[in-house]
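**Q** Input file: protein-v4.cif. Contents: mmCIF, C-alpha atoms.
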data_work
#
loop_
_atom_site.label_atom_id
_atom_site.label_comp_id
_atom_site.auth_asym_id
_atom_site.auth_seq_id
_atom_site.Cartn_x
_atom_site.Cartn_y
_atom_site.Cartn_z
CA MET W 1 119.73 108.98 90.74
CA ASN W 2 122.21 110.92 88.61
CA ASP W 3 125.95 111.08 89.15
CA LEU W 4 125.77 114.52 90.76
CA THR W 5 123.33 113.29 93.40
CA VAL W 6 125.41 110.17 94.07
CA LYS W 7 128.49 112.34 94.48
CA LEU W 8 126.65 114.57 96.97
CA LEU W 9 125.53 111.57 99.03
CA CYS W 10 128.99 110.04 99.05
CA GLU W 11 130.96 113.21 99.74
CA GLN W 12 128.65 115.15 102.05
CA PHE W 13 126.89 112.33 103.92
CA GLY W 14 129.62 109.71 103.81
CA ILE W 15 127.47 107.11 102.07
CA ASP W 16 129.42 104.34 100.34
CA GLN W 17 128.76 103.46 96.71
CA GLU W 18 127.63 99.91 97.54
CA THR W 19 124.79 101.22 99.73
CA VAL W 20 123.66 103.57 96.98
CA ASP W 21 123.74 100.72 94.45
CA ILE W 22 121.67 98.43 96.68
CA VAL W 23 118.94 101.04 97.12
CA GLU W 24 119.01 102.10 93.47
CA LYS W 25 118.60 98.51 92.30
CA ALA W 26 115.65 98.00 94.64
CA GLU W 27 114.03 101.24 93.50
CA ALA W 28 114.36 100.35 89.81
CA SER W 29 112.53 97.05 90.39
CA LEU W 30 109.53 98.87 91.90
CA ALA W 31 108.58 101.00 88.88
CA GLU W 32 105.25 99.23 88.31
CA GLU W 33 104.41 99.33 92.04
CA PHE W 34 105.09 103.07 92.11
CA ARG W 35 102.83 103.60 89.10
CA LYS W 36 99.93 101.96 90.97
CA ILE W 37 100.56 104.25 93.94
CA ASP W 38 100.52 107.30 91.68
CA ASP W 39 97.16 106.22 90.25
CA ILE W 40 95.66 106.05 93.75
CA CYS W 41 97.22 109.39 94.62
CA GLU W 42 95.75 111.10 91.56
CA TYR W 43 92.26 109.78 92.29
CA ASN W 44 92.40 110.89 95.92
CA GLN W 45 93.81 114.30 95.01
CA TYR W 46 90.84 115.05 92.78
CA LYS W 47 88.45 113.66 95.39
CA VAL W 48 89.88 116.02 98.01
CA LEU W 49 89.82 118.96 95.59
CA LYS W 50 86.13 118.36 94.84
CA ALA W 51 85.37 118.39 98.57
CA PHE W 52 87.08 121.77 98.91
CA GLN W 53 85.10 123.17 96.02
CA ASP W 54 81.78 121.70 97.15
CA ASN W 55 82.24 123.21 100.61
CA ARG W 56 83.10 126.62 99.14
CA ILE W 57 86.26 127.00 101.17
CA SER W 58 87.38 130.63 101.17
CA ASP W 59 89.86 132.96 102.84
CA MET W 60 87.33 133.75 105.58
CA HIS W 61 87.71 130.18 106.87
CA PHE W 62 91.35 130.81 107.78
CA GLY W 63 90.50 133.28 110.53
CA TRP W 64 89.74 132.25 114.09
CA ASN W 65 87.87 133.27 117.20
CA THR W 66 89.05 133.38 120.80
CA GLY W 67 87.82 132.07 124.12
CA TYR W 68 85.17 129.41 123.78
CA GLY W 69 85.38 129.33 120.00
CA TYR W 70 81.66 129.93 119.48
CA ASP W 71 80.50 130.33 115.88
CA ASP W 72 83.90 129.59 114.37
CA PRO W 73 83.21 129.33 110.60
CA GLY W 74 86.64 127.85 109.88
CA ARG W 75 86.27 125.04 112.39
CA ASP W 76 82.80 124.21 111.14
CA ALA W 77 83.98 124.27 107.51
CA LEU W 78 86.94 122.02 108.37
CA GLU W 79 84.62 119.43 109.88
CA ARG W 80 82.29 119.58 106.88
CA LEU W 81 85.35 119.16 104.67
CA TYR W 82 86.48 115.98 106.46
CA ALA W 83 82.95 114.60 106.29
CA SER W 84 82.87 115.26 102.54
CA VAL W 85 86.29 113.75 101.84
CA PHE W 86 85.50 110.57 103.75
CA LYS W 87 81.85 110.36 102.55
CA ALA W 88 80.56 110.62 106.13
CA GLU W 89 77.45 112.29 107.51
CA GLY W 90 79.47 114.17 110.10
CA ALA W 91 82.97 114.68 111.44
CA ILE W 92 84.82 115.99 114.47
CA VAL W 93 88.21 117.58 113.72
CA ARG W 94 89.79 119.16 116.77
CA THR W 95 93.16 120.37 117.99
CA GLN W 96 91.97 119.32 121.46
CA ILE W 97 92.19 115.66 120.46
CA VAL W 98 95.78 115.01 121.49
CA ASN W 99 96.51 111.89 119.40
CA GLY W 100 94.99 108.93 117.62
CA THR W 101 94.51 107.02 120.86
CA HIS W 102 92.51 109.94 122.26
CA ALA W 103 90.32 109.98 119.15
CA LEU W 104 89.63 106.26 119.46
CA ALA W 105 89.01 106.51 123.20
CA SER W 106 86.54 109.35 122.58
CA VAL W 107 84.54 107.07 120.29
CA TYR W 108 84.36 104.23 122.80
CA LEU W 109 83.74 106.42 125.84
CA GLY W 110 81.19 108.45 123.92
CA LEU W 111 79.14 105.49 122.69
CA LEU W 112 79.54 102.68 125.23
CA ARG W 113 77.74 102.45 128.56
CA SER W 114 77.88 99.98 131.44
CA SER W 115 77.11 96.40 130.30
CA ASP W 116 77.64 97.29 126.63
CA GLU W 117 80.29 95.13 125.02
CA LEU W 118 83.22 96.17 122.86
CA LEU W 119 84.37 93.37 120.55
CA TYR W 120 87.85 93.73 119.07
CA CYS W 121 87.94 91.70 115.86
CA SER W 122 91.63 92.13 115.04
CA GLY W 123 93.21 90.33 117.98
CA THR W 124 95.14 92.12 120.69
CA PRO W 125 94.77 95.91 120.37
CA TYR W 126 97.66 98.32 119.97
CA ASP W 127 99.63 98.93 123.18
CA THR W 128 98.09 102.29 124.09
CA MET W 129 94.56 100.99 123.42
CA LYS W 130 95.10 98.27 125.98
CA THR W 131 95.40 100.96 128.64
CA VAL W 132 92.24 102.68 127.37
CA ILE W 133 90.33 99.41 127.63
CA GLY W 134 91.93 98.51 130.98
CA LEU W 135 93.81 95.38 129.90
CA GLU W 136 97.21 96.50 131.24
CA LYS W 137 96.82 96.04 134.99
CA ASP W 138 100.29 97.35 135.81
CA ILE W 139 99.81 100.67 133.99
CA LEU W 140 97.81 103.40 135.73
CA SER W 141 94.73 104.11 133.61
CA PRO W 142 91.89 105.55 135.72
CA GLY W 143 88.64 105.92 133.81
CA ASN W 144 89.30 103.04 131.44
CA LEU W 145 86.42 101.18 129.81
CA LEU W 146 86.43 98.21 132.17
CA GLU W 147 86.32 100.54 135.16
CA TYR W 148 83.12 102.05 133.76
CA GLY W 149 81.54 98.62 133.48
CA VAL W 150 81.99 98.16 129.75
CA LEU W 151 82.44 94.52 128.77
CA TYR W 152 85.25 93.44 126.48
CA ASP W 153 85.99 90.51 124.21
CA GLN W 154 88.35 89.94 121.32
CA VAL W 155 88.65 87.56 118.39
CA GLU W 156 92.13 86.37 117.48
CA LEU W 157 93.31 86.60 113.91
CA LYS W 158 93.88 83.56 111.73
CA ALA W 159 97.39 82.24 111.34
CA ASP W 160 97.73 84.16 108.04
CA GLY W 161 96.86 87.47 109.75
CA SER W 162 93.35 87.74 108.30
CA VAL W 163 90.17 88.31 110.29
CA ASP W 164 88.43 85.13 111.40
CA LEU W 165 84.98 86.07 110.13
CA ASP W 166 83.29 82.92 111.40
CA ALA W 167 84.69 83.49 114.88
CA VAL W 168 83.63 87.15 114.74
CA LYS W 169 80.06 86.20 113.88
CA ALA W 170 80.01 83.64 116.67
CA ALA W 171 81.35 86.18 119.19
CA ILE W 172 78.68 88.82 118.53
CA LYS W 173 76.11 88.75 121.33
CA PRO W 174 72.94 90.78 122.01
CA ARG W 175 74.98 93.09 124.29
CA THR W 176 77.77 93.63 121.71
CA LYS W 177 77.37 97.28 120.78
CA ILE W 178 80.63 98.02 118.93
CA ALA W 179 82.70 95.73 116.75
CA ALA W 180 86.13 97.29 116.25
CA LEU W 181 88.87 96.68 113.72
CA GLN W 182 92.42 98.04 113.86
CA ARG W 183 93.29 98.64 110.23
CA SER W 184 97.03 99.08 110.68
CA THR W 185 99.54 96.68 112.15
CA GLY W 186 100.49 98.43 115.38
CA TYR W 187 103.41 96.60 116.97
CA SER W 188 102.34 93.28 115.47
CA PHE W 189 103.72 91.50 112.41
CA ARG W 190 100.87 91.34 109.96
CA LYS W 191 99.69 93.21 106.91
CA ALA W 192 97.23 96.05 107.35
CA PHE W 193 93.71 95.07 106.38
CA THR W 194 92.83 95.92 102.80
CA THR W 195 89.66 97.74 101.84
CA GLU W 196 88.28 94.44 100.53
CA GLN W 197 88.91 92.75 103.89
CA ILE W 198 87.35 95.66 105.79
CA SER W 199 84.26 95.48 103.58
CA GLU W 200 83.93 91.72 104.15
CA TRP W 201 84.28 92.18 107.91
CA ILE W 202 81.55 94.83 108.00
CA LYS W 203 79.17 92.62 106.01
CA ALA W 204 79.86 89.69 108.34
CA CYS W 205 79.14 91.77 111.46
CA LYS W 206 75.95 93.26 110.02
CA SER W 207 74.70 89.84 108.91
CA VAL W 208 74.52 88.79 112.56
CA LYS W 209 73.41 92.07 114.13
CA PRO W 210 72.33 94.79 111.68
CA ASP W 211 72.43 97.54 114.32
CA ILE W 212 75.94 96.77 115.53
CA ILE W 213 78.30 99.75 115.27
CA CYS W 214 81.28 98.90 113.08
CA MET W 215 84.22 101.05 114.15
CA VAL W 216 87.55 101.23 112.27
CA ASP W 217 90.79 102.49 113.76
CA ASN W 218 91.93 104.21 110.57
CA CYS W 219 95.33 105.43 111.77
CA TYR W 220 98.02 105.25 109.05
CA GLY W 221 95.48 104.09 106.45
CA GLU W 222 94.00 107.27 104.97
CA PHE W 223 94.52 107.74 101.21
CA THR W 224 96.43 104.48 100.76
CA ASP W 225 93.59 103.16 98.59
CA TYR W 226 90.70 104.53 96.57
CA LYS W 227 88.22 104.28 99.43
CA ASP W 228 88.27 104.71 103.19
CA PRO W 229 86.15 102.73 105.68
CA ILE W 230 82.99 104.87 105.73
CA GLU W 231 82.56 104.28 101.99
CA LEU W 232 82.88 100.57 102.70
CA GLY W 233 79.98 100.59 105.19
CA ALA W 234 81.70 101.39 108.49
CA ASP W 235 79.59 103.41 110.91
CA ILE W 236 82.43 105.36 112.50
CA MET W 237 86.20 105.72 112.15
CA ALA W 238 88.92 107.76 113.79
CA GLY W 239 92.53 108.78 113.32
CA SER W 240 95.27 111.30 114.00
CA LEU W 241 96.01 114.54 112.18
CA ILE W 242 99.77 114.11 112.59
CA LYS W 243 99.54 110.99 110.48
CA ASN W 244 98.30 110.78 106.88
CA PRO W 245 95.41 113.30 106.74
CA GLY W 246 97.37 116.19 108.23
CA GLY W 247 99.84 116.09 105.35
CA GLY W 248 102.68 117.00 107.69
CA LEU W 249 101.27 120.50 108.25
CA ALA W 250 98.77 119.90 111.07
CA LEU W 251 100.46 120.71 114.38
CA SER W 252 98.25 118.40 116.45
CA GLY W 253 94.77 116.97 116.63
CA GLY W 254 92.61 114.07 115.64
CA TYR W 255 89.46 113.36 113.68
CA ILE W 256 86.36 111.19 113.99
CA ALA W 257 83.99 110.67 111.06
CA GLY W 258 80.85 108.66 110.45
CA ARG W 259 77.12 108.56 111.07
CA LYS W 260 75.76 111.89 112.31
CA ASP W 261 73.91 110.40 115.29
CA LEU W 262 77.13 108.76 116.50
CA VAL W 263 79.27 111.83 115.84
CA ASP W 264 76.81 113.99 117.80
CA LYS W 265 77.12 111.70 120.85
CA ILE W 266 80.92 111.60 120.65
CA TYR W 267 81.09 115.42 120.63
CA TYR W 268 79.92 115.29 124.26
CA ARG W 269 82.91 113.15 125.19
CA VAL W 270 85.44 115.22 123.24
CA THR W 271 84.22 118.27 125.18
CA CYS W 272 81.64 117.61 127.92
CA PRO W 273 77.90 116.97 128.43
CA GLY W 274 75.88 120.06 127.62
CA ILE W 275 78.57 121.64 125.40
CA GLY W 276 79.25 119.16 122.63
CA GLY W 277 80.54 120.64 119.39
CA GLU W 278 79.48 124.22 120.10
CA CYS W 279 82.84 125.16 121.62
CA GLY W 280 86.47 124.43 120.89
CA LEU W 281 89.12 126.90 119.83
CA THR W 282 91.16 126.17 116.69
CA PHE W 283 94.07 128.39 117.81
CA GLY W 284 94.56 129.68 114.28
CA GLN W 285 95.29 126.23 112.86
CA THR W 286 92.42 126.04 110.37
CA ARG W 287 94.59 127.09 107.43
CA THR W 288 97.35 124.54 108.06
CA MET W 289 94.88 121.73 108.77
CA MET W 290 93.04 122.45 105.52
CA GLU W 291 96.22 122.79 103.49
CA GLY W 292 97.59 119.62 105.07
CA LEU W 293 94.46 117.73 104.07
CA PHE W 294 94.75 119.11 100.53
CA ILE W 295 98.30 117.78 100.03
CA ALA W 296 97.74 114.60 102.07
CA PRO W 297 97.19 112.29 99.06
CA ARG W 298 100.60 113.21 97.60
CA VAL W 299 102.39 113.08 100.96
CA THR W 300 100.82 109.69 101.73
CA ALA W 301 101.82 108.35 98.31
CA GLY W 302 105.45 109.32 98.98
CA ALA W 303 105.35 107.54 102.33
CA VAL W 304 103.88 104.39 100.73
CA LYS W 305 106.63 104.40 98.11
CA GLY W 306 109.23 104.77 100.86
CA ALA W 307 107.72 101.84 102.74
CA LYS W 308 107.83 99.66 99.64
CA LEU W 309 111.44 100.64 99.01
CA CYS W 310 112.35 99.78 102.61
CA ALA W 311 110.70 96.39 102.18
CA LYS W 312 112.50 95.64 98.93
CA VAL W 313 115.95 96.66 100.20
CA TYR W 314 115.73 94.51 103.30
CA GLU W 315 114.06 91.59 101.49
CA ASP W 316 116.98 91.55 99.09
CA LEU W 317 119.32 91.40 102.09
CA GLY W 318 117.51 88.34 103.44
CA TYR W 319 115.37 89.92 106.16
CA GLN W 320 111.74 89.09 106.84
CA THR W 321 109.45 92.03 106.08
CA CYS W 322 105.74 92.75 106.35
CA PRO W 323 104.16 93.57 104.04
CA LYS W 324 106.29 92.37 101.16
CA SER W 325 107.40 94.95 98.63
CA THR W 326 104.84 93.84 96.04
CA ASP W 327 101.93 93.27 98.41
CA LYS W 328 98.91 95.54 98.19
CA ARG W 329 99.26 98.10 100.96
CA SER W 330 96.66 99.55 103.29
CA ASP W 331 98.87 101.65 105.56
CA ILE W 332 102.24 103.44 105.45
CA ILE W 333 104.10 101.21 107.93
CA GLU W 334 106.84 98.75 106.99
CA ALA W 335 107.92 96.15 109.54
CA VAL W 336 111.37 94.54 109.32
CA VAL W 337 112.47 91.70 111.62
CA LEU W 338 116.03 92.63 112.54
CA GLY W 339 116.46 90.03 115.29
CA SER W 340 118.47 91.97 117.89
CA PRO W 341 118.21 95.21 119.88
CA GLU W 342 121.63 96.25 118.55
CA LYS W 343 120.38 96.11 114.96
CA VAL W 344 117.20 97.99 115.87
CA GLU W 345 119.25 100.71 117.55
CA ALA W 346 121.55 101.03 114.53
CA PHE W 347 118.59 101.19 112.14
CA CYS W 348 116.83 103.86 114.18
CA ARG W 349 120.00 105.88 114.62
CA GLY W 350 120.49 105.87 110.87
CA VAL W 351 116.95 107.17 110.35
CA GLN W 352 117.55 109.85 112.99
CA LYS W 353 120.68 110.98 111.13
CA ALA W 354 118.52 111.38 108.03
CA ALA W 355 116.26 113.89 109.82
CA PRO W 356 116.10 117.63 109.10
CA VAL W 357 115.47 118.29 112.81
CA GLU W 358 117.72 116.96 115.62
CA SER W 359 119.77 114.79 113.29
CA PHE W 360 122.51 114.95 115.93
CA VAL W 361 120.41 113.16 118.58
CA THR W 362 121.09 109.49 119.38
CA PRO W 363 117.88 107.47 119.95
CA ILE W 364 117.91 105.00 122.85
CA TYR W 365 115.33 102.68 124.40
CA GLY W 366 113.28 104.29 127.16
CA GLU W 367 109.89 104.49 128.86
CA MET W 368 106.98 106.03 126.98
CA ALA W 369 103.51 106.82 128.31
CA GLY W 370 100.97 104.10 127.55
CA TYR W 371 103.54 101.40 126.68
CA LYS W 372 104.58 98.44 128.82
CA ASP W 373 107.89 97.83 127.00
CA ASP W 374 110.69 100.33 126.54
CA ILE W 375 110.47 102.04 123.14
CA ILE W 376 113.14 103.39 120.83
CA MET W 377 112.00 106.06 118.40
CA ALA W 378 113.80 107.93 115.65
CA ALA W 379 111.76 111.02 114.89
CA GLY W 380 113.55 114.19 113.88
CA ALA W 381 110.36 115.91 112.82
CA PHE W 382 109.02 119.44 112.43
CA VAL W 383 105.97 118.29 114.41
CA GLN W 384 106.86 116.26 117.48
CA GLY W 385 105.70 112.66 117.14
CA SER W 386 104.46 113.14 113.59
CA SER W 387 104.23 109.68 112.02
CA ILE W 388 103.69 111.02 108.51
CA GLU W 389 107.17 112.52 108.78
CA LEU W 390 110.11 110.13 108.49
CA SER W 391 110.39 107.98 111.60
CA ALA W 392 111.22 104.52 112.88
CA ASP W 393 110.39 102.92 116.19
CA SER W 394 110.36 99.61 118.01
CA PRO W 395 109.40 98.09 121.36
CA LYS W 396 112.20 96.30 123.18
CA ARG W 397 110.87 92.79 122.80
CA GLU W 398 111.58 89.76 120.67
CA PRO W 399 111.86 89.20 117.77
CA TYR W 400 113.03 92.85 117.61
CA ILE W 401 110.97 94.26 114.79
CA VAL W 402 111.57 97.82 113.61
CA TYR W 403 108.67 99.83 112.17
CA PHE W 404 109.58 102.31 109.42
CA GLN W 405 107.13 104.92 108.20
CA GLY W 406 106.58 108.37 106.79
CA GLY W 407 108.50 110.97 104.85
CA ILE W 408 106.92 114.25 103.78
CA THR W 409 108.55 113.60 100.40
CA TYR W 410 109.47 110.30 98.79
CA GLU W 411 113.06 111.48 98.46
CA HIS W 412 113.32 111.93 102.21
CA SER W 413 111.80 108.53 102.87
CA LYS W 414 114.30 107.03 100.42
CA PHE W 415 117.14 108.78 102.24
CA GLY W 416 115.88 107.26 105.50
CA VAL W 417 116.26 103.80 103.93
CA ILE W 418 119.75 104.67 102.71
CA MET W 419 120.84 105.94 106.13
CA SER W 420 119.36 102.96 107.99
CA LEU W 421 121.37 100.59 105.80
CA HIS W 422 124.48 102.77 106.06
CA SER W 423 124.24 102.76 109.87
CA LEU W 424 123.90 98.98 110.05
CA LYS W 425 126.91 98.54 107.78
CA GLN W 426 129.02 100.99 109.79
CA LYS W 427 128.34 98.93 112.93
CA GLY W 428 129.27 95.72 111.13
CA LEU W 429 125.77 94.34 111.68
CA ILE W 430 124.89 93.66 108.07
#
Mind converting the file's structure to structure tokens?

**A**
Amino acid sequence: MNDLTVKLLCEQFGIDQETVDIVEKAEASLAEEFRKIDDICEYNQYKVLKAFQDNRISDMHFGWNTGYGYDDPGRDALERLYASVFKAEGAIVRTQIVNGTHALASVYLGLLRSSDELLYCSGTPYDTMKTVIGLEKDILSPGNLLEYGVLYDQVELKADGSVDLDAVKAAIKPRTKIAALQRSTGYSFRKAFTTEQISEWIKACKSVKPDIICMVDNCYGEFTDYKDPIELGADIMAGSLIKNPGGGLALSGGYIAGRKDLVDKIYYRVTCPGIGGECGLTFGQTRTMMEGLFIAPRVTAGAVKGAKLCAKVYEDLGYQTCPKSTDKRSDIIEAVVLGSPEKVEAFCRGVQKAAPVESFVTPIYGEMAGYKDDIIMAAGAFVQGSSIELSADSPKREPYIVYFQGGITYEHSKFGVIMSLHSLKQKGLI
């Protein structure tokens, strides 16, 4: 950071020199880590470019139909594009999928029937998935999996946060139809599963039951490594377009990719029996969804760098972080144990003040659909709820962990780290 930039931060944003120095020192120590991220980014950029070229994407794909969306060439090309990028036989990419949870639920509701079993292999699922399954009895969730007669079991993680492969193999029964893995951390305190760990888990599941469906919740993980789960042997995966693959340009939506026979069945849950993938309006979003996917490797790389910087800054200040700044990453989320709701609020308010949109808003804890605990969320984004844009959030529960992620550019993610630290210092909490 040159003197002119430091002067701008100090004079126009009120940042003190000590805060700038702390972040600059942390950034300088991460040069080799950033180089590794750039290597992954470059590989994925060329992979995505080849998919665009192979699918002969042209200006005609940016138009759109009306009504039912029959014979929409742009929508069909977008789904072929996602299948190509992720090395899948088929893909569903729809604006009608409202979020990542909806995409995951569509997989389970599309493939599981009464007396089939869903086996979660990564311990307790993310908060909103508990309502989909039916595990949260005090949250209204009509039509959840348990209500439909689907059976459920889960395997707890080892003490080090890794998958207990022996326990997974022992838990697979003749009725176990889907084995699921949540790649990212959710509101837990563990590292996201690496591609090597995902590959080992798939091999373990298939060694017991070759026809088991291995499903990966891929939210926050796209383009953080050279390969994504389908290339590793997963049968199906799903995620959100307002996270990594949308590149910050997709206005909404989700995707599902994998084996064609599975994708074809899931279509009938995303829409309805008898219609499947034949209908579904894109509302003119094909261009932005394609362009977002094209820049997604670079946007994701910036977010990963920002996460590593956040980890390093707070490690140096004595806080517990996960993953560590030099750990291999498999998602864009950085967890920091702050230890009190006051510190979490200050951190999130600093991130909010770093936003281009609604920087003047003060985040507070409050109710959020699908969550049992109150949630605080800093998210001054161009797309509401976009997790690939700079944000920070936390459930109001001990040990008061804040989850930092995103940043359409690395510079913005870095500024989020600066402002979080500045806010904590202003409150006398650090």

**Q** For Ala307 in chain W, which residue among W:Leu262, W:Leu30, W:Leu281, W:Val93 is the nearest when counting all atoms listed in the file?

**A**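 That would be W:Leu30, the residue with the smallest distance to Ala307 in chain W.
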
**Q** Residues at most 7 Å from range 339-350 of chain W, counting only C-alpha atoms, excluding those fewer than 4 positions away in the same chain, as a list in words?

**A**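 The residues that qualify are Ala354, Thr362, Pro363, Ile364, Met377, Ala378, Ala392, Asp393, Lys396, Pro399, Tyr400, Ile401, Val402, Met419, Ser420, Leu421, His422, Ser423, Leu424 and Leu429 of chain W.
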
**Q** Please dump the current selection as a JSON list (two decimals), in the frame of the given file; keep C-alpha atoms.

**A**
[["chain", "number", "residue", "atom", "x", "y", "z"],
["W", 354, "ALA", "CA", 118.52, 111.38, 108.03],
["W", 362, "THR", "CA", 121.09, 109.49, 119.38],
["W", 363, "PRO", "CA", 117.88, 107.47, 119.95],
["W", 364, "ILE", "CA", 117.91, 105.00, 122.85],
["W", 377, "MET", "CA", 112.00, 106.06, 118.40],
["W", 378, "ALA", "CA", 113.80, 107.93, 115.65],
["W", 392, "ALA", "CA", 111.22, 104.52, 112.88],
["W", 393, "ASP", "CA", 110.39, 102.92, 116.19],
["W", 396, "LYS", "CA", 112.20, 96.30, 123.18],
["W", 399, "PRO", "CA", 111.86, 89.20, 117.77],
["W", 400, "TYR", "CA", 113.03, 92.85, 117.61],
["W", 401, "ILE", "CA", 110.97, 94.26, 114.79],
["W", 402, "VAL", "CA", 111.57, 97.82, 113.61],
["W", 419, "MET", "CA", 120.84, 105.94, 106.13],
["W", 420, "SER", "CA", 119.36, 102.96, 107.99],
["W", 421, "LEU", "CA", 121.37, 100.59, 105.80],
["W", 422, "HIS", "CA", 124.48, 102.77, 106.06],
["W", 423, "SER", "CA", 124.24, 102.76, 109.87],
["W", 424, "LEU", "CA", 123.90, 98.98, 110.05],
["W", 429, "LEU", "CA", 125.77, 94.34, 111.68]]

**Q** Between W:Ser58, W:Thr66, W:Gln17, W:Asn218, which is the closest to Leu104 in chain W once you count only C-alpha atoms?

**A**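 Of W:Ser58, W:Thr66, W:Gln17, W:Asn218, the one nearest Leu104 in chain W is W:Asn218, counting only C-alpha atoms.
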
**Q** By how many Å are CA of Ile242 in chain W and CA of Met60 in chain W apart?

**A**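 For CA of Ile242 in chain W relative to CA of Met60 in chain W, the distance reads 24.3 Å.
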
**Q** Please compute the CA of Ile37 in chain W-CA of Leu390 in chain W distance, one decimal, in Å.

**A**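 Pair CA of Ile37 in chain W / CA of Leu390 in chain W returns 18.4 Å.
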
**Q** Can you list, as number ranges by chain, the residues that the PyMOL selection byres ((chain W and resi 395) around 6) selects here?

**A** W: 373-375, 394, 396-397

**Q** Take the point (97.5, 84.2, 113.7) in the file's coordinates, draw a sphere of radius 12 Å around it, and report as a PDB file with C-alpha atoms, in the coordinates of the input every protein, DNA or RNA residue with an atom inside or on it, counting only C-alpha atoms.

**A**
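Result went into point.pdb, see below:
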ATOM      1  CA  SER W 122      91.630  92.130 115.040  1.00  0.00           C
ATOM      2  CA  GLY W 123      93.210  90.330 117.980  1.00  0.00           C
ATOM      3  CA  THR W 124      95.140  92.120 120.690  1.00  0.00           C
ATOM      4  CA  VAL W 155      88.650  87.560 118.390  1.00  0.00           C
ATOM      5  CA  GLU W 156      92.130  86.370 117.480  1.00  0.00           C
ATOM      6  CA  LEU W 157      93.310  86.600 113.910  1.00  0.00           C
ATOM      7  CA  LYS W 158      93.880  83.560 111.730  1.00  0.00           C
ATOM      8  CA  ALA W 159      97.390  82.240 111.340  1.00  0.00           C
ATOM      9  CA  ASP W 160      97.730  84.160 108.040  1.00  0.00           C
ATOM     10  CA  GLY W 161      96.860  87.470 109.750  1.00  0.00           C
ATOM     11  CA  SER W 162      93.350  87.740 108.300  1.00  0.00           C
ATOM     12  CA  VAL W 163      90.170  88.310 110.290  1.00  0.00           C
ATOM     13  CA  ASP W 164      88.430  85.130 111.400  1.00  0.00           C
ATOM     14  CA  SER W 188     102.340  93.280 115.470  1.00  0.00           C
ATOM     15  CA  PHE W 189     103.720  91.500 112.410  1.00  0.00           C
ATOM     16  CA  ARG W 190     100.870  91.340 109.960  1.00  0.00           C
ATOM     17  CA  LYS W 191      99.690  93.210 106.910  1.00  0.00           C
TER      18      LYS W 191
END

**Q** Could you state which residues are captured by the PyMOL selection byres ((chain W and resi 303) around 8) in this file, as a list of chain:residue names?

**A** W:Val299, W:Thr300, W:Ala301, W:Gly302, W:Val304, W:Lys305, W:Gly306, W:Ala307, W:Ile332, W:Ile388, W:Gln405, W:Gly406, W:Gly407, W:Ile408, W:Thr409, W:Tyr410, W:Ser413

**Q** What residues come out when you apply the PyMOL selection byres ((chain W and resi 266) around 9) to this file, written as JSON, numbers by chain?

**A** {"W": [92, 106, 107, 108, 109, 110, 111, 256, 261, 262, 263, 264, 265, 267, 268, 269, 270, 271, 276]}

**Q** One number please: CA of Leu317 in chain W to CA of Lys36 in chain W, in Å, one decimal.

**A**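 Straight-line distance from CA of Leu317 in chain W to CA of Lys36 in chain W works out to 24.7 Å.
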
**Q** Need the shell around Ala257 in chain W: protein/DNA/RNA residues with any atom at most 9 Å away, counting all atoms listed in the file. Skip same-chain ones fewer than 6 positions apart. Format as a PyMOL selection string?

**A** chain W and resi 79+82-83+86-93+230+235-238+263

**Q** Please write the residues from the selection above to a file, keeping C-alpha atoms, as a PDB file, in the frame of the given file.

**A**
ATOM      1  CA  GLU W  79      84.620 119.430 109.880  1.00  0.00           C
ATOM      2  CA  TYR W  82      86.480 115.980 106.460  1.00  0.00           C
ATOM      3  CA  ALA W  83      82.950 114.600 106.290  1.00  0.00           C
ATOM      4  CA  PHE W  86      85.500 110.570 103.750  1.00  0.00           C
ATOM      5  CA  LYS W  87      81.850 110.360 102.550  1.00  0.00           C
ATOM      6  CA  ALA W  88      80.560 110.620 106.130  1.00  0.00           C
ATOM      7  CA  GLU W  89      77.450 112.290 107.510  1.00  0.00           C
ATOM      8  CA  GLY W  90      79.470 114.170 110.100  1.00  0.00           C
ATOM      9  CA  ALA W  91      82.970 114.680 111.440  1.00  0.00           C
ATOM     10  CA  ILE W  92      84.820 115.990 114.470  1.00  0.00           C
ATOM     11  CA  VAL W  93      88.210 117.580 113.720  1.00  0.00           C
ATOM     12  CA  ILE W 230      82.990 104.870 105.730  1.00  0.00           C
ATOM     13  CA  ASP W 235      79.590 103.410 110.910  1.00  0.00           C
ATOM     14  CA  ILE W 236      82.430 105.360 112.500  1.00  0.00           C
ATOM     15  CA  MET W 237      86.200 105.720 112.150  1.00  0.00           C
ATOM     16  CA  ALA W 238      88.920 107.760 113.790  1.00  0.00           C
ATOM     17  CA  VAL W 263      79.270 111.830 115.840  1.00  0.00           C
TER      18      VAL W 263
END

**Q** At a cut-off of 12 Å, using only C-alpha atoms, what residues contact Glu18 in chain W? Leave out same-chain residues fewer than 3 positions from it and give the result as a count of residues only.

**A** 14
